[in-house]
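Please read the structure below before turning to the comments.
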Amino acid sequence: MKKVFAIIFLILLTGCNSNSAVENLKEEYPKTVKEVAEKLPGKIQDELAAPTELPFAVENVVLRFTANPPGDSKGDIFDTEFMYGGEGVNLHITTYHYKNTTFSSDDKQFKTVKLKNDIKALIEGDDENTKEIRWKKDGLYYSIMLIKSPKNEKKCTIEDLVQIADSMEY
């Protein structure tokens, strides 16, 4: 009887820890997200993060990873990236799994924005058609970059990236 309760508890615990945003992407994009995600080691799968809110209608999503050796999901995984496309916009959401990740030079001054839970994000880029922020949470680094086609007349802002970041499920 104790074994039955232990199994039920384990199933409930696993279910409670699942990231519904990533699970939804796996269901909606079985070839471009689910197949790639399931090739990754369990630890990396647990670290996948995706948003629940986007400022545009999504037409497709692809999951890719960088590894050593290149393309080997059993090798060292440096980063994973969800790439969203739609309405003349590409959105890249990258999680850096490699513990020695570094970003731009520390001697460069960056503007910052505040995310929920008092997380400070650096504004890496703020051009008319390209916006990028990056931050660290729970020992992992994250980056969101939005690239807009010049033909798309909708204005994209850093606040759009903050809303995306604030909707991330880790």
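FYI, nothing fancy with the structure tokens labels: chains A, B, ... in order, residues from 1 per chain, ligands from 1 as they appear.
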
Output as a PyMOL selection string all residues of range 44-79 of chain A that backbone DSSP marks as helix (DSSP H, G or I).
chain A and resi 44-47

Neighbours of Phe82 in chain A within 6 Å (only C-alpha atoms; same-chain residues fewer than 3 positions away dropped), as number ranges by chain?
A: 62-63, 92-93

Could those residues be written to a file, using N, CA and C atoms, as a PDB file, in the first residue's frame?
ATOM      1  N   VAL A  62       9.824  27.034 -33.488  1.00  0.00           N
ATOM      2  CA  VAL A  62      10.880  26.039 -33.663  1.00  0.00           C
ATOM      3  C   VAL A  62      11.737  26.053 -32.397  1.00  0.00           C
ATOM      4  N   LEU A  63      12.156  24.878 -31.952  1.00  0.00           N
ATOM      5  CA  LEU A  63      13.109  24.758 -30.850  1.00  0.00           C
ATOM      6  C   LEU A  63      14.424  24.288 -31.443  1.00  0.00           C
ATOM      7  N   HIS A  92      13.120  35.522 -30.543  1.00  0.00           N
ATOM      8  CA  HIS A  92      14.071  34.504 -30.095  1.00  0.00           C
ATOM      9  C   HIS A  92      14.130  34.544 -28.576  1.00  0.00           C
ATOM     10  N   ILE A  93      13.817  33.423 -27.948  1.00  0.00           N
ATOM     11  CA  ILE A  93      13.889  33.308 -26.494  1.00  0.00           C
ATOM     12  C   ILE A  93      14.923  32.234 -26.183  1.00  0.00           C
TER      13      ILE A  93
END

Taking only C-alpha atoms into account, name the residue in A:Asn68, A:Thr157, A:Ser73, A:Ser143 that is nearest to Thr130 in chain A.
A:Thr157

Please, which residues of range 21-96 of chain A, numbered as in this document, come out strand (DSSP E or B) from DSSP, as a ChimeraX atom specification?
/A:50-51,60-68,76-86,89-96

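Using only C-alpha atoms for every distance, the candidate list A:Lys116, A:Lys43, A:Arg134, A:Lys74 yields A:Lys116 as the residue closest to Ser167 in chain A.
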
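Residue nearest Ala57 in chain A, chosen from A:Val89, A:Leu115, A:Val33, A:Ile77 and counting only C-alpha atoms: A:Val89.
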
Determine, counting only C-alpha atoms, which protein, DNA and RNA residues have an atom within 9 Å of an atom of Thr52 in chain A; residues of the same chain fewer than 6 positions away are not included. Present the result as a PDB file with N, CA, C and O atoms, in the first residue's frame.
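Ended up saving to out.pdb:
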ATOM      1  N   SER A  20       3.671  24.354 -18.214  1.00  0.00           N
ATOM      2  CA  SER A  20       2.560  24.241 -19.158  1.00  0.00           C
ATOM      3  C   SER A  20       2.811  24.990 -20.451  1.00  0.00           C
ATOM      4  O   SER A  20       2.343  24.574 -21.507  1.00  0.00           O
ATOM      5  N   ALA A  21       3.577  26.089 -20.430  1.00  0.00           N
ATOM      6  CA  ALA A  21       3.873  26.819 -21.670  1.00  0.00           C
ATOM      7  C   ALA A  21       4.690  25.945 -22.615  1.00  0.00           C
ATOM      8  O   ALA A  21       4.396  25.869 -23.815  1.00  0.00           O
ATOM      9  N   ILE A 164       6.614  39.996 -22.188  1.00  0.00           N
ATOM     10  CA  ILE A 164       6.947  38.620 -22.575  1.00  0.00           C
ATOM     11  C   ILE A 164       7.727  37.956 -21.449  1.00  0.00           C
ATOM     12  O   ILE A 164       7.422  36.844 -21.020  1.00  0.00           O
ATOM     13  N   SER A 167       5.824  36.967 -18.455  1.00  0.00           N
ATOM     14  CA  SER A 167       4.916  35.827 -18.631  1.00  0.00           C
ATOM     15  C   SER A 167       5.655  34.498 -18.779  1.00  0.00           C
ATOM     16  O   SER A 167       5.033  33.455 -18.973  1.00  0.00           O
ATOM     17  N   MET A 168       6.977  34.528 -18.635  1.00  0.00           N
ATOM     18  CA  MET A 168       7.768  33.302 -18.782  1.00  0.00           C
ATOM     19  C   MET A 168       7.414  32.291 -17.696  1.00  0.00           C
ATOM     20  O   MET A 168       7.260  32.636 -16.532  1.00  0.00           O
ATOM     21  N   GLU A 169       7.300  31.027 -18.125  1.00  0.00           N
ATOM     22  CA  GLU A 169       7.158  29.911 -17.185  1.00  0.00           C
ATOM     23  C   GLU A 169       8.455  29.140 -17.209  1.00  0.00           C
ATOM     24  O   GLU A 169       8.884  28.641 -18.239  1.00  0.00           O
TER      25      GLU A 169
END

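Checking A:Val113, A:Val61, A:Asn90, A:Ile119 one by one against Cys156 in chain A, counting only C-alpha atoms, you find the shortest gap at A:Asn90.
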
Which neighbours of Gly88 in chain A fall inside 7 Å, counting only C-alpha atoms, when residues of the same chain fewer than 6 positions from it are skipped, and could you give them as a PyMOL selection string?
chain A and resi 148-149+152

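Nearest-residue note for Val22 in chain A: choosing from A:Glu153, A:Glu59, A:Glu81, A:Glu87, the minimum distance belongs to A:Glu81, counting only C-alpha atoms.
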
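Proximity to Ile44 in chain A at 9 Å, evaluated using only C-alpha atoms and with sequence-adjacent residues fewer than 5 positions away removed, yields Ala37, Ile77, Thr80 and His97 of chain A.
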
Selected residues, N, CA and C atoms, written as a PDB file, in the first residue's frame, please.
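Final file, again34.pdb:
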ATOM      1  N   ALA A  37      12.781  18.655 -28.271  1.00  0.00           N
ATOM      2  CA  ALA A  37      12.826  18.675 -26.801  1.00  0.00           C
ATOM      3  C   ALA A  37      13.065  17.282 -26.231  1.00  0.00           C
ATOM      4  N   ILE A  77      25.144  20.705 -23.785  1.00  0.00           N
ATOM      5  CA  ILE A  77      24.165  21.653 -24.322  1.00  0.00           C
ATOM      6  C   ILE A  77      24.509  23.033 -23.766  1.00  0.00           C
ATOM      7  N   THR A  80      19.471  26.642 -25.436  1.00  0.00           N
ATOM      8  CA  THR A  80      18.278  26.246 -26.183  1.00  0.00           C
ATOM      9  C   THR A  80      17.560  27.527 -26.562  1.00  0.00           C
ATOM     10  N   HIS A  97      22.313  27.346 -20.815  1.00  0.00           N
ATOM     11  CA  HIS A  97      22.468  26.281 -19.829  1.00  0.00           C
ATOM     12  C   HIS A  97      23.920  26.118 -19.386  1.00  0.00           C
TER      13      HIS A  97
END

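In terms of minimum interatomic distance to Asp46 in chain A, A:Thr95 ranks closest within A:Thr112, A:Glu124, A:Asp160, A:Thr95, counting only C-alpha atoms.
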
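Between CA of Leu91 in chain A and CA of Gln109 in chain A there is a distance of 24.6 Å.
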